[in-house]
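File shown here: final.txt, holding compact mmCIF, C-alpha atoms.
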```
# COMPACT_ATOMS: atom_id res chain seq x y z
CA MET A 1 84.21 80.61 76.79
CA GLN A 2 81.10 78.47 77.07
CA THR A 3 80.11 77.39 80.59
CA ASN A 4 77.69 74.78 81.94
CA PHE A 5 76.98 75.66 85.55
CA SER A 6 73.58 74.44 86.67
CA ALA A 7 70.79 77.02 86.85
CA ALA A 8 70.23 76.18 90.52
CA ARG A 9 73.85 76.88 91.45
CA LEU A 10 73.88 80.11 89.50
CA GLU A 11 70.74 81.27 91.27
CA GLN A 12 71.82 80.29 94.77
CA ASP A 13 75.54 81.13 94.95
CA ARG A 14 77.00 84.59 94.23
CA MET A 15 80.51 83.16 93.89
CA VAL A 16 79.34 80.67 91.26
CA GLN A 17 77.75 83.57 89.37
CA GLN A 18 81.05 85.46 89.57
CA ALA A 19 83.04 82.47 88.30
CA ASN A 20 80.58 81.99 85.44
CA ASP A 21 80.83 85.65 84.40
CA ILE A 22 84.64 85.60 84.50
CA LEU A 23 84.92 82.39 82.51
CA ARG A 24 82.54 83.66 79.83
CA THR A 25 84.76 86.70 79.32
CA CYS A 26 87.75 84.60 78.18
CA VAL A 27 87.99 84.19 74.38
CA HIS A 28 90.98 81.79 74.33
CA CYS A 29 93.16 84.33 72.50
CA GLY A 30 96.37 83.32 74.26
CA PHE A 31 97.83 86.83 74.54
CA CYS A 32 98.39 86.07 78.23
CA THR A 33 100.91 83.32 77.48
CA ALA A 34 103.51 85.82 76.24
CA THR A 35 103.63 87.69 79.55
CA CYS A 36 103.12 84.82 82.01
CA PRO A 37 106.41 84.16 83.87
CA THR A 38 105.78 80.46 84.44
CA TYR A 39 104.79 79.84 80.83
CA VAL A 40 107.87 81.74 79.64
CA LEU A 41 110.02 79.48 81.83
CA LEU A 42 108.29 76.13 81.41
CA GLY A 43 106.43 76.32 78.08
CA ASP A 44 103.56 74.24 79.48
CA GLU A 45 100.06 75.38 78.50
CA LEU A 46 98.78 74.35 81.94
CA ASP A 47 101.29 76.78 83.46
CA SER A 48 99.76 79.68 81.52
CA PRO A 49 96.71 81.70 82.59
CA ARG A 50 94.67 80.19 79.75
CA GLY A 51 95.59 76.67 80.83
CA ARG A 52 94.84 77.40 84.46
CA ILE A 53 91.47 78.87 83.50
CA TYR A 54 90.57 75.56 81.83
CA LEU A 55 91.59 73.66 84.97
CA LEU A 56 89.60 76.00 87.21
CA LYS A 57 86.57 75.84 84.93
CA ASP A 58 86.47 72.06 85.04
CA MET A 59 86.89 71.96 88.82
CA LEU A 60 84.44 74.73 89.72
CA GLU A 61 81.83 73.92 87.09
CA HIS A 62 81.50 70.35 88.30
CA ASP A 63 82.11 71.27 91.95
CA LYS A 64 84.56 68.41 92.32
CA PRO A 65 87.55 68.01 94.65
CA ALA A 66 90.83 69.42 93.41
CA SER A 67 93.17 66.94 91.78
CA GLU A 68 96.94 66.74 92.17
CA THR A 69 97.32 68.14 88.65
CA VAL A 70 95.13 71.15 89.39
CA VAL A 71 96.96 71.87 92.64
CA ARG A 72 100.39 71.63 91.03
CA HIS A 73 99.63 74.14 88.27
CA ILE A 74 97.61 76.54 90.43
CA ASP A 75 100.35 76.52 93.08
CA ARG A 76 102.87 77.54 90.40
CA CYS A 77 100.93 80.73 89.63
CA LEU A 78 102.70 83.79 91.08
CA THR A 79 99.51 85.92 91.16
CA CYS A 80 101.57 88.58 89.39
CA GLN A 81 98.51 89.66 87.35
CA SER A 82 100.63 90.39 84.29
CA CYS A 83 98.05 88.44 82.30
CA MET A 84 95.35 90.88 83.37
CA THR A 85 97.37 93.81 82.05
CA THR A 86 97.80 91.99 78.73
CA CYS A 87 94.29 90.56 78.33
CA PRO A 88 92.27 92.42 75.67
CA SER A 89 89.00 90.98 77.00
CA GLY A 90 89.40 92.11 80.62
CA VAL A 91 89.27 88.63 82.15
CA ASP A 92 89.20 88.98 85.96
CA TYR A 93 91.68 86.16 86.38
CA VAL A 94 92.76 86.98 89.93
CA HIS A 95 89.27 86.63 91.45
CA LEU A 96 88.76 83.33 89.61
CA LEU A 97 92.14 82.18 90.94
CA GLU A 98 91.14 83.14 94.48
CA GLN A 99 87.99 81.05 94.18
CA GLY A 100 90.06 78.13 92.93
CA ARG A 101 92.55 78.37 95.76
CA ALA A 102 89.80 78.48 98.36
CA HIS A 103 88.20 75.42 96.74
CA ILE A 104 91.56 73.60 96.80
CA GLU A 105 91.98 74.43 100.49
CA ARG A 106 88.54 72.95 101.22
CA THR A 107 88.75 69.81 99.09
CA TYR A 108 92.38 68.71 98.75
CA ARG A 109 94.57 67.11 101.42
CA ARG A 110 98.17 68.06 100.74
CA PRO A 111 101.16 65.86 101.60
CA TRP A 112 102.25 66.33 105.20
CA ALA A 113 105.37 68.37 104.31
CA ASP A 114 103.27 70.83 102.31
CA ARG A 115 100.77 71.14 105.13
CA LEU A 116 103.52 71.73 107.67
CA LEU A 117 105.23 74.39 105.55
CA ARG A 118 102.00 76.25 104.87
CA ASP A 119 100.96 76.05 108.53
CA VAL A 120 104.33 77.47 109.59
CA LEU A 121 104.09 80.30 107.06
CA GLY A 122 100.51 81.07 108.07
CA ALA A 123 101.43 81.12 111.75
CA ILE A 124 104.57 83.28 111.42
CA VAL A 125 104.51 85.61 108.41
CA PRO A 126 101.35 87.62 109.29
CA HIS A 127 102.65 88.42 112.79
CA THR A 128 105.55 90.87 113.09
CA GLY A 129 106.73 89.67 116.50
CA ARG A 130 106.76 86.02 115.54
CA PHE A 131 108.47 86.85 112.25
CA ARG A 132 111.21 88.78 114.06
CA TRP A 133 111.98 85.85 116.33
CA ALA A 134 111.88 83.39 113.42
CA MET A 135 114.30 85.61 111.47
CA LEU A 136 116.59 85.87 114.48
CA ALA A 137 116.62 82.09 114.85
CA GLY A 138 117.35 81.72 111.15
CA TRP A 139 120.16 84.26 111.30
CA LEU A 140 121.77 82.55 114.29
CA GLY A 141 121.46 79.19 112.55
CA ARG A 142 122.87 80.32 109.20
CA PRO A 143 126.05 78.21 109.53
CA LEU A 144 123.79 75.15 109.42
CA ALA A 145 121.46 76.41 106.69
CA TRP A 146 123.21 74.29 104.05
CA ALA A 147 121.90 71.18 105.77
CA VAL A 148 118.24 72.24 105.53
CA PRO A 149 116.69 70.79 102.36
CA GLY A 150 114.23 72.18 99.81
CA ARG A 151 111.61 74.70 100.74
CA PHE A 152 112.51 74.84 104.41
CA GLY A 153 116.04 75.65 103.29
CA ALA A 154 114.65 78.48 101.15
CA MET A 155 112.84 79.82 104.20
CA ALA A 156 116.02 79.65 106.29
CA GLY A 157 117.92 81.39 103.50
CA MET A 158 115.83 84.53 103.93
CA ALA A 159 117.68 85.33 107.15
CA ARG A 160 120.68 86.97 105.50
CA ARG A 161 121.07 89.57 108.25
CA ARG A 162 120.08 90.03 111.86
CA PRO A 163 116.50 91.32 111.99
CA ALA A 164 115.70 94.69 113.50
CA LEU A 165 114.18 94.02 116.91
CA ARG A 166 112.41 97.35 117.29
CA SER A 167 111.37 100.44 115.39
CA ALA A 168 110.49 103.99 116.36
CA ILE A 169 106.96 103.53 115.04
CA ASP A 170 106.15 100.05 116.32
CA ARG A 171 103.45 101.31 118.69
CA PRO A 172 100.12 103.02 117.85
CA GLN A 173 100.54 106.80 117.76
CA VAL A 174 99.76 110.01 115.91
CA ILE A 175 102.72 111.86 114.39
CA PRO A 176 102.16 115.54 113.52
CA PRO A 177 103.10 117.04 110.16
CA GLU A 178 105.79 119.58 109.49
CA GLY A 179 103.79 122.77 109.10
CA ALA A 180 100.08 122.95 108.33
CA THR A 181 98.04 119.75 108.09
CA ARG A 182 96.93 118.91 104.57
CA LEU A 183 95.72 115.35 105.21
CA ARG A 184 95.27 112.89 108.06
CA VAL A 185 96.56 109.53 106.84
CA ALA A 186 96.97 106.04 108.28
CA LEU A 187 100.26 104.34 107.45
CA MET A 188 99.81 100.61 107.19
CA ARG A 189 102.55 98.62 108.90
CA ASN A 190 103.50 95.55 106.88
CA CYS A 191 104.09 92.32 108.81
CA VAL A 192 107.69 91.62 107.77
CA GLN A 193 109.05 95.03 106.77
CA PRO A 194 109.68 96.25 110.36
CA ALA A 195 112.00 93.28 110.87
CA LEU A 196 113.63 93.26 107.44
CA ASP A 197 114.14 96.99 106.97
CA PRO A 198 112.45 99.39 109.43
CA GLU A 199 114.16 102.34 107.72
CA ILE A 200 111.54 102.13 104.97
CA ASP A 201 108.74 103.01 107.36
CA THR A 202 110.67 105.78 109.09
CA ALA A 203 111.61 107.28 105.70
CA THR A 204 107.94 107.10 104.69
CA VAL A 205 106.85 108.92 107.84
CA ARG A 206 109.43 111.67 107.30
CA LEU A 207 108.32 112.04 103.69
CA LEU A 208 104.63 112.19 104.58
CA ARG A 209 105.21 114.75 107.36
CA ARG A 210 107.28 116.86 104.97
CA HIS A 211 104.26 116.94 102.66
CA GLY A 212 101.83 118.09 105.34
CA CYS A 213 100.41 114.74 106.44
CA GLU A 214 99.43 113.88 110.00
CA VAL A 215 100.43 110.22 110.22
CA VAL A 216 98.37 107.74 112.24
CA ILE A 217 99.69 104.34 113.28
CA ALA A 218 96.26 102.90 114.09
CA GLU A 219 95.45 100.81 117.13
CA GLY A 220 94.38 97.30 116.09
CA GLN A 221 95.83 97.33 112.56
CA GLY A 222 97.59 94.13 111.54
CA CYS A 223 98.39 91.96 108.53
CA CYS A 224 96.55 92.85 105.33
CA GLY A 225 95.66 89.16 104.88
CA ALA A 226 97.50 88.59 101.60
CA ALA A 227 99.81 85.86 102.89
CA VAL A 228 96.98 83.55 103.94
CA HIS A 229 94.62 84.65 101.16
CA HIS A 230 97.10 83.47 98.52
CA MET A 231 97.15 80.08 100.25
CA GLY A 232 93.37 79.79 99.92
CA ARG A 233 92.69 80.47 103.60
CA GLU A 234 89.78 82.75 102.91
CA GLU A 235 88.33 83.02 106.42
CA GLU A 236 91.70 83.89 107.94
CA ALA A 237 92.18 86.59 105.30
CA LYS A 238 88.74 88.00 106.04
CA ALA A 239 89.51 88.14 109.76
CA PHE A 240 92.61 90.26 109.10
CA ALA A 241 90.63 92.48 106.73
CA ARG A 242 87.86 93.04 109.28
CA ALA A 243 90.35 94.09 111.95
CA ASN A 244 91.99 96.60 109.61
CA VAL A 245 88.70 98.04 108.37
CA ARG A 246 87.59 98.62 111.96
CA ALA A 247 90.95 100.14 112.95
CA TRP A 248 91.17 102.59 110.04
CA THR A 249 87.49 103.51 110.20
CA ALA A 250 87.84 104.35 113.89
CA ALA A 251 90.97 106.42 113.17
CA GLY A 252 88.98 108.76 110.95
CA VAL A 253 91.61 109.17 108.24
CA ASP A 254 91.44 110.75 104.79
CA ARG A 255 93.70 108.12 103.23
CA VAL A 256 95.24 104.76 104.05
CA VAL A 257 98.82 104.95 102.77
CA ILE A 258 100.70 101.76 101.92
CA ASN A 259 104.40 101.44 101.08
CA VAL A 260 104.34 97.69 100.36
CA SER A 261 102.65 97.20 97.02
CA GLY A 262 101.63 93.61 97.72
CA CYS A 263 99.57 94.83 100.66
CA GLY A 264 98.15 97.70 98.64
CA THR A 265 96.71 95.36 96.03
CA THR A 266 94.95 93.36 98.75
CA VAL A 267 93.61 96.31 100.79
CA LYS A 268 92.24 98.06 97.71
CA ASP A 269 90.22 94.87 97.11
CA TYR A 270 88.69 94.72 100.61
CA GLY A 271 85.31 95.70 99.15
CA HIS A 272 85.33 92.48 97.15
CA LEU A 273 86.76 90.31 99.92
CA LEU A 274 84.14 91.45 102.45
CA ALA A 275 81.26 91.96 100.01
CA ASP A 276 79.08 89.43 101.87
CA ASP A 277 79.84 90.78 105.36
CA PRO A 278 76.56 92.34 106.59
CA GLU A 279 78.32 94.57 109.11
CA LEU A 280 81.42 95.75 107.27
CA ALA A 281 80.77 95.51 103.52
CA GLU A 282 80.17 99.24 103.11
CA ALA A 283 83.07 100.22 105.38
CA ALA A 284 85.37 97.81 103.51
CA ARG A 285 84.48 99.44 100.19
CA ALA A 286 85.17 102.86 101.69
CA ILE A 287 88.57 101.80 103.02
CA GLY A 288 89.46 100.26 99.66
CA GLU A 289 88.61 103.54 97.94
CA LYS A 290 90.70 105.53 100.43
CA THR A 291 93.75 103.31 100.03
CA VAL A 292 96.68 104.65 98.02
CA ASP A 293 100.23 103.63 97.34
CA VAL A 294 102.62 106.18 98.81
CA THR A 295 103.74 107.21 95.31
CA GLU A 296 100.11 107.88 94.32
CA LEU A 297 99.70 110.22 97.27
CA LEU A 298 102.98 112.04 96.67
CA THR A 299 102.02 112.52 93.02
CA ASP A 300 98.69 114.03 94.07
CA LEU A 301 100.29 116.29 96.68
CA GLY A 302 103.22 117.29 94.47
CA LEU A 303 106.77 116.41 95.50
CA VAL A 304 108.52 119.13 97.46
CA ASP A 305 111.67 120.55 95.92
CA ALA A 306 114.80 118.43 96.22
CA VAL A 307 117.51 119.85 98.46
CA LEU A 308 120.34 117.88 96.87
CA GLU A 309 121.15 116.23 93.56
CA PRO A 310 122.46 112.72 94.26
CA GLY A 311 123.37 112.23 90.60
CA LEU A 312 122.77 108.49 90.79
CA THR A 313 121.53 106.14 88.11
CA VAL A 314 118.56 104.26 89.54
CA ALA A 315 117.32 101.02 87.98
CA TYR A 316 113.63 100.97 88.78
CA HIS A 317 112.19 97.51 89.33
CA ALA A 318 108.41 97.64 88.98
CA ALA A 319 106.82 95.25 91.47
CA CYS A 320 104.04 93.22 89.83
CA SER A 321 101.58 94.13 92.55
CA LEU A 322 102.16 97.80 91.76
CA GLN A 323 102.27 97.82 87.96
CA HIS A 324 99.75 95.03 87.31
CA GLY A 325 97.75 94.68 90.52
CA GLN A 326 97.26 98.43 91.03
CA GLN A 327 98.09 99.66 87.51
CA ILE A 328 100.57 102.21 88.92
CA LYS A 329 103.37 102.45 86.38
CA ASP A 330 104.65 105.98 85.80
CA PRO A 331 104.32 107.78 89.18
CA PRO A 332 107.31 106.12 90.94
CA LYS A 333 109.63 106.79 88.01
CA ALA A 334 108.35 110.35 87.55
CA LEU A 335 108.89 111.11 91.24
CA LEU A 336 112.44 109.75 91.16
CA GLN A 337 113.21 111.82 88.08
CA ALA A 338 111.71 114.92 89.69
CA ALA A 339 113.99 114.31 92.69
CA GLY A 340 117.06 114.41 90.43
CA TYR A 341 117.80 110.75 89.75
CA ARG A 342 118.50 109.27 86.34
CA VAL A 343 115.96 106.45 86.02
CA VAL A 344 116.47 103.39 83.82
CA THR A 345 114.27 100.32 83.43
CA PRO A 346 115.08 96.70 82.45
CA THR A 347 114.16 95.16 79.12
CA ASP A 348 111.61 92.83 80.76
CA PRO A 349 109.77 95.21 83.13
CA HIS A 350 106.51 93.24 82.92
CA LEU A 351 107.99 89.93 84.14
CA CYS A 352 107.96 88.96 87.82
CA CYS A 353 111.20 88.66 89.81
CA GLY A 354 109.88 85.54 91.53
CA SER A 355 109.27 86.94 95.01
CA ALA A 356 105.45 86.99 95.05
CA GLY A 357 104.93 86.89 98.81
CA THR A 358 105.67 83.39 100.09
CA TYR A 359 106.20 82.02 96.55
CA SER A 360 109.98 82.19 96.90
CA ILE A 361 109.61 79.69 99.75
CA THR A 362 106.89 77.43 98.38
CA GLN A 363 108.33 77.34 94.83
CA PRO A 364 112.07 78.01 95.33
CA ALA A 365 113.28 76.58 92.00
CA LEU A 366 110.95 78.68 89.85
CA ALA A 367 111.47 81.73 92.05
CA GLY A 368 115.24 81.35 91.76
CA ALA A 369 115.10 81.08 87.97
CA LEU A 370 112.98 84.20 87.70
CA ARG A 371 115.27 86.07 90.09
CA ALA A 372 118.35 85.20 88.03
CA ARG A 373 116.63 86.39 84.87
CA LYS A 374 115.55 89.66 86.48
CA ALA A 375 118.96 90.29 88.05
CA GLU A 376 120.63 89.86 84.67
CA THR A 377 118.43 92.50 83.04
CA LEU A 378 118.96 94.88 85.96
CA HIS A 379 122.74 94.42 85.94
CA ALA A 380 122.81 95.19 82.22
CA LEU A 381 121.70 98.74 83.05
CA ARG A 382 124.85 99.32 85.15
CA PRO A 383 122.95 101.22 87.88
CA ASP A 384 124.31 102.76 91.05
CA VAL A 385 121.26 101.56 92.95
CA ILE A 386 118.11 99.50 92.37
CA ALA A 387 114.79 100.81 93.67
CA SER A 388 111.41 99.16 94.09
CA GLY A 389 108.18 99.69 95.99
CA ASN A 390 107.87 96.26 97.57
CA ILE A 391 109.90 94.75 100.41
CA GLY A 392 109.42 91.24 99.02
CA CYS A 393 111.11 92.14 95.74
CA LEU A 394 113.95 93.94 97.52
CA THR A 395 114.63 91.01 99.84
CA HIS A 396 114.36 88.40 97.09
CA LEU A 397 116.64 90.22 94.63
CA GLU A 398 119.24 90.96 97.29
CA ALA A 399 120.61 87.41 97.08
CA GLU A 400 121.37 87.81 93.37
CA THR A 401 122.66 91.36 93.00
CA GLY A 402 125.80 93.17 94.07
CA VAL A 403 124.05 96.53 93.72
CA PRO A 404 122.42 98.33 96.68
CA LEU A 405 118.64 97.80 96.80
CA VAL A 406 116.42 100.41 98.44
CA HIS A 407 112.78 101.37 98.55
CA THR A 408 111.66 104.23 96.31
CA VAL A 409 110.61 106.28 99.34
CA GLN A 410 114.12 106.12 100.80
CA LEU A 411 115.54 107.81 97.70
CA LEU A 412 112.77 110.42 97.69
CA ASP A 413 113.28 111.08 101.40
CA TRP A 414 117.03 111.48 100.92
CA ALA A 415 116.64 113.91 98.01
CA THR A 416 114.13 116.07 99.89
CA GLY A 417 116.03 116.38 103.17
CA GLY A 418 116.24 112.97 104.84
CA PRO A 419 119.37 110.93 105.63
CA ARG A 420 121.31 108.95 103.07
CA PRO A 421 119.92 105.37 102.90
CA ARG A 422 122.17 103.12 104.94
CA ARG A 423 122.44 100.50 102.20
CA ILE A 424 123.91 102.99 99.74
CA GLY A 425 126.86 103.55 102.05
CA PRO A 426 128.81 106.71 102.92
```

Encoding of this model in structure tokens:
Amino acid sequence: MQTNFSAARLEQDRMVQQANDILRTCVHCGFCTATCPTYVLLGDELDSPRGRIYLLKDMLEHDKPASETVVRHIDRCLTCQSCMTTCPSGVDYVHLLEQGRAHIERTYRRPWADRLLRDVLGAIVPHTGRFRWAMLAGWLGRPLAWAVPGRFGAMAGMARRRPALRSAIDRPQVIPPEGATRLRVALMRNCVQPALDPEIDTATVRLLRRHGCEVVIAEGQGCCGAAVHHMGREEEAKAFARANVRAWTAAGVDRVVINVSGCGTTVKDYGHLLADDPELAEAARAIGEKTVDVTELLTDLGLVDAVLEPGLTVAYHAACSLQHGQQIKDPPKALLQAAGYRVVTPTDPHLCCGSAGTYSITQPALAGALRARKAETLHALRPDVIASGNIGCLTHLEAETGVPLVHTVQLLDWATGGPRPRRIGP
């Protein structure tokens, strides 16, 4: 793609150089349209990656304020990164999108309802305590949820059960392994997972200890920054990243283990996010390189022998942030099969379920349509249980399925000596 950034801007601004390089990589082939969830649903070129690239090019190249049209189509992007898996030219779409969202945040004044919703999400979602209380309020107010319109209604609808008010690993601590220590690892605590399903973290700790890992819950670790980063709030995202880099560097760990794939995609990119930070750029790159999804680590260590054969058919739902964002596709399925499960996959494994962080709240109609589509393909497999590696997907799909949904680590923990996941039942 031809670009026309001024020579002065290219020389003075690293981000302009990056945008120019990304745009020049695109050859307009359109392969991305076939795997873009919003284009598949809407059939609008501007709701495809190629169309959004044209919008971003025009806005960034001329350094002009975002228009309502640009905002509408960029907001509809799920950041699923399926287009990047498909693209034969290697277009770094996600980093161009991040630039565009930050530019929108700086130059566009949203309607008051949008601003309020995004401010509420930014103030609550990245903070576990606040999220717990918000979920509790939503759960108590469920009888009135029908009266809450639109996107605020979608947010209230998330509170389908009473949130967990505490977890055994809420506080900073070091948990010894079972047997000899093979690795010292930090387990990242996701913002919402302790309230939505704390059993995922406790199952992860048991699994890591069983594989010889000393598990550190680091002092000072917090939100990965994804929630605000996807809203274009770049400085807030960087603040979260800096805190985590300092916490994990001080903990002196061999790996940072993440069991929420959306967070993993963000943390692995800390080197890019903090590239201009004079104090932490090098440390951020090091943390990004140390970061692994829990299934990556278990694959490297080798899964211990299963102690039971559940004999269940597991429909594996590949979270976009895992299969596209981190390019981890086979390890979760291979681990489940090694643990004795029969693993099946839907006919549309590359398409997003519509969760995408806060997307199910900010774009409830599109998210609901994608969820219905994904649920149909999962139901067609007639599974005993559905497994995924991302709490957002599990929570989002729960409203559409009558099949138990659990995290991959819960099934692996159960097969190798842990308790039966509560959601599977007796």

Contacts of stretch 64-78 of chain A at 10 Å or less, counting all atoms listed in the file, minus same-chain residues fewer than 2 places along, as a ChimeraX atom specification? /A:36-39,44-49,51-56,58-62,80-82,97,100-101,103-110,230-231,320,352-360,362-363,366-367

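The closest residue to A:Cys223, picked from A:Arg115, A:Arg184, A:Arg420, A:Lys238 and counting all atoms listed in the file, is A:Lys238.
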
*Go ahead and compute the interatomic distance for atom CA of A:Pro383 and atom CA of A:Ala339, in Å to one decimal.*
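Computing it gives 16.6 Å between the two atoms.
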
Sorted per-residue table, stretch 168-207 of chain A near stretch 243-260 of chain A, closest atoms and distance, 12 Å, all atoms listed in the file, as JSON lines:
```
{"residue": "A:Pro172", "atom": "CA", "partner": "A:Ala247", "partner_atom": "CA", "distance": 10.8}
{"residue": "A:Gln173", "atom": "CA", "partner": "A:Ala251", "partner_atom": "CA", "distance": 10.6}
{"residue": "A:Val174", "atom": "CA", "partner": "A:Ala251", "partner_atom": "CA", "distance": 9.9}
{"residue": "A:Thr181", "atom": "CA", "partner": "A:Asp254", "partner_atom": "CA", "distance": 11.6}
{"residue": "A:Arg182", "atom": "CA", "partner": "A:Asp254", "partner_atom": "CA", "distance": 9.8}
{"residue": "A:Leu183", "atom": "CA", "partner": "A:Asp254", "partner_atom": "CA", "distance": 6.3}
{"residue": "A:Arg184", "atom": "CA", "partner": "A:Val253", "partner_atom": "CA", "distance": 5.2}
{"residue": "A:Val185", "atom": "CA", "partner": "A:Arg255", "partner_atom": "CA", "distance": 4.8}
{"residue": "A:Ala186", "atom": "CA", "partner": "A:Val256", "partner_atom": "CA", "distance": 4.7}
{"residue": "A:Leu187", "atom": "CA", "partner": "A:Val257", "partner_atom": "CA", "distance": 4.9}
{"residue": "A:Met188", "atom": "CA", "partner": "A:Ile258", "partner_atom": "CA", "distance": 5.5}
{"residue": "A:Arg189", "atom": "CA", "partner": "A:Ile258", "partner_atom": "CA", "distance": 7.9}
{"residue": "A:Asn190", "atom": "CA", "partner": "A:Val260", "partner_atom": "CA", "distance": 6.9}
{"residue": "A:Cys191", "atom": "CA", "partner": "A:Val260", "partner_atom": "CA", "distance": 10.0}
{"residue": "A:Val192", "atom": "CA", "partner": "A:Val260", "partner_atom": "CA", "distance": 10.1}
{"residue": "A:Gln193", "atom": "CA", "partner": "A:Val260", "partner_atom": "CA", "distance": 8.4}
{"residue": "A:Pro194", "atom": "CA", "partner": "A:Val260", "partner_atom": "CA", "distance": 11.4}
{"residue": "A:Asp197", "atom": "CA", "partner": "A:Val260", "partner_atom": "CA", "distance": 11.8}
{"residue": "A:Pro198", "atom": "CA", "partner": "A:Asn259", "partner_atom": "CA", "distance": 11.8}
{"residue": "A:Glu199", "atom": "CA", "partner": "A:Asn259", "partner_atom": "CA", "distance": 11.8}
{"residue": "A:Ile200", "atom": "CA", "partner": "A:Asn259", "partner_atom": "CA", "distance": 8.2}
{"residue": "A:Asp201", "atom": "CA", "partner": "A:Asn259", "partner_atom": "CA", "distance": 7.8}
{"residue": "A:Thr202", "atom": "CA", "partner": "A:Asn259", "partner_atom": "CA", "distance": 11.1}
{"residue": "A:Ala203", "atom": "CA", "partner": "A:Asn259", "partner_atom": "CA", "distance": 10.4}
{"residue": "A:Thr204", "atom": "CA", "partner": "A:Asn259", "partner_atom": "CA", "distance": 7.6}
{"residue": "A:Val205", "atom": "CA", "partner": "A:Val257", "partner_atom": "CA", "distance": 10.3}
{"residue": "A:Leu207", "atom": "CA", "partner": "A:Asn259", "partner_atom": "CA", "distance": 11.6}
```

Residue contacts of A:Leu273 (9 Å, all atoms listed in the file) excluding same-chain residues fewer than 3 positions away, as a PDB file with C-alpha atoms, keeping the file's coordinate frame:
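Saved as result-v8.pdb:
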```
ATOM      1  CA  GLU A 234      89.780  82.750 102.910  1.00  0.00           C
ATOM      2  CA  ALA A 237      92.180  86.590 105.300  1.00  0.00           C
ATOM      3  CA  LYS A 238      88.740  88.000 106.040  1.00  0.00           C
ATOM      4  CA  ALA A 241      90.630  92.480 106.730  1.00  0.00           C
ATOM      5  CA  THR A 266      94.950  93.360  98.750  1.00  0.00           C
ATOM      6  CA  ASP A 269      90.220  94.870  97.110  1.00  0.00           C
ATOM      7  CA  TYR A 270      88.690  94.720 100.610  1.00  0.00           C
ATOM      8  CA  ASP A 276      79.080  89.430 101.870  1.00  0.00           C
ATOM      9  CA  ASP A 277      79.840  90.780 105.360  1.00  0.00           C
ATOM     10  CA  ALA A 281      80.770  95.510 103.520  1.00  0.00           C
ATOM     11  CA  ALA A 284      85.370  97.810 103.510  1.00  0.00           C
TER      12      ALA A 284
END
```

The residue from A:His229, A:Lys268, A:Arg9, A:Arg166 with the smallest atom-to-atom distance to A:Pro126, counting all atoms listed in the file, is A:His229

With 5 Å of padding per side, what axis-aligned box (centre and edge lengths, Å, one decimal) covers all the listed atoms of stretch 253-260 of chain A? Give it as AutoDock Vina command-line options.
```
--center_x 97.9 --center_y 104.2 --center_z 104.3 --size_x 23.0 --size_y 23.1 --size_z 17.9
```

Rebuild stretch 389-400 of chain A to N, CA and C atoms - output it as a PDB file, in the frame of the given file, please.
```pdb
ATOM      1  N   GLY A 389     109.188  99.300  95.009  1.00  0.00           N
ATOM      2  CA  GLY A 389     108.180  99.690  95.990  1.00  0.00           C
ATOM      3  C   GLY A 389     107.624  98.544  96.784  1.00  0.00           C
ATOM      4  N   ASN A 390     108.388  97.442  96.880  1.00  0.00           N
ATOM      5  CA  ASN A 390     107.870  96.260  97.570  1.00  0.00           C
ATOM      6  C   ASN A 390     108.998  95.545  98.299  1.00  0.00           C
ATOM      7  N   ILE A 391     108.854  95.362  99.599  1.00  0.00           N
ATOM      8  CA  ILE A 391     109.900  94.750 100.410  1.00  0.00           C
ATOM      9  C   ILE A 391     110.193  93.323  99.967  1.00  0.00           C
ATOM     10  N   GLY A 392     109.189  92.610  99.481  1.00  0.00           N
ATOM     11  CA  GLY A 392     109.420  91.240  99.020  1.00  0.00           C
ATOM     12  C   GLY A 392     110.383  91.192  97.861  1.00  0.00           C
ATOM     13  N   CYS A 393     110.200  92.087  96.886  1.00  0.00           N
ATOM     14  CA  CYS A 393     111.110  92.140  95.740  1.00  0.00           C
ATOM     15  C   CYS A 393     112.517  92.495  96.186  1.00  0.00           C
ATOM     16  N   LEU A 394     112.638  93.495  97.063  1.00  0.00           N
ATOM     17  CA  LEU A 394     113.950  93.940  97.520  1.00  0.00           C
ATOM     18  C   LEU A 394     114.697  92.811  98.223  1.00  0.00           C
ATOM     19  N   THR A 395     114.009  92.094  99.087  1.00  0.00           N
ATOM     20  CA  THR A 395     114.630  91.010  99.840  1.00  0.00           C
ATOM     21  C   THR A 395     115.009  89.845  98.927  1.00  0.00           C
ATOM     22  N   HIS A 396     114.126  89.526  97.995  1.00  0.00           N
ATOM     23  CA  HIS A 396     114.360  88.400  97.090  1.00  0.00           C
ATOM     24  C   HIS A 396     115.539  88.678  96.151  1.00  0.00           C
ATOM     25  N   LEU A 397     115.587  89.882  95.588  1.00  0.00           N
ATOM     26  CA  LEU A 397     116.640  90.220  94.630  1.00  0.00           C
ATOM     27  C   LEU A 397     117.999  90.404  95.290  1.00  0.00           C
ATOM     28  N   GLU A 398     117.993  90.692  96.579  1.00  0.00           N
ATOM     29  CA  GLU A 398     119.240  90.960  97.290  1.00  0.00           C
ATOM     30  C   GLU A 398     120.235  89.806  97.165  1.00  0.00           C
ATOM     31  N   ALA A 399     119.733  88.584  97.131  1.00  0.00           N
ATOM     32  CA  ALA A 399     120.610  87.410  97.080  1.00  0.00           C
ATOM     33  C   ALA A 399     121.312  87.268  95.734  1.00  0.00           C
ATOM     34  N   GLU A 400     120.859  88.010  94.719  1.00  0.00           N
ATOM     35  CA  GLU A 400     121.370  87.810  93.370  1.00  0.00           C
ATOM     36  C   GLU A 400     122.147  89.014  92.840  1.00  0.00           C
TER      37      GLU A 400
END
```
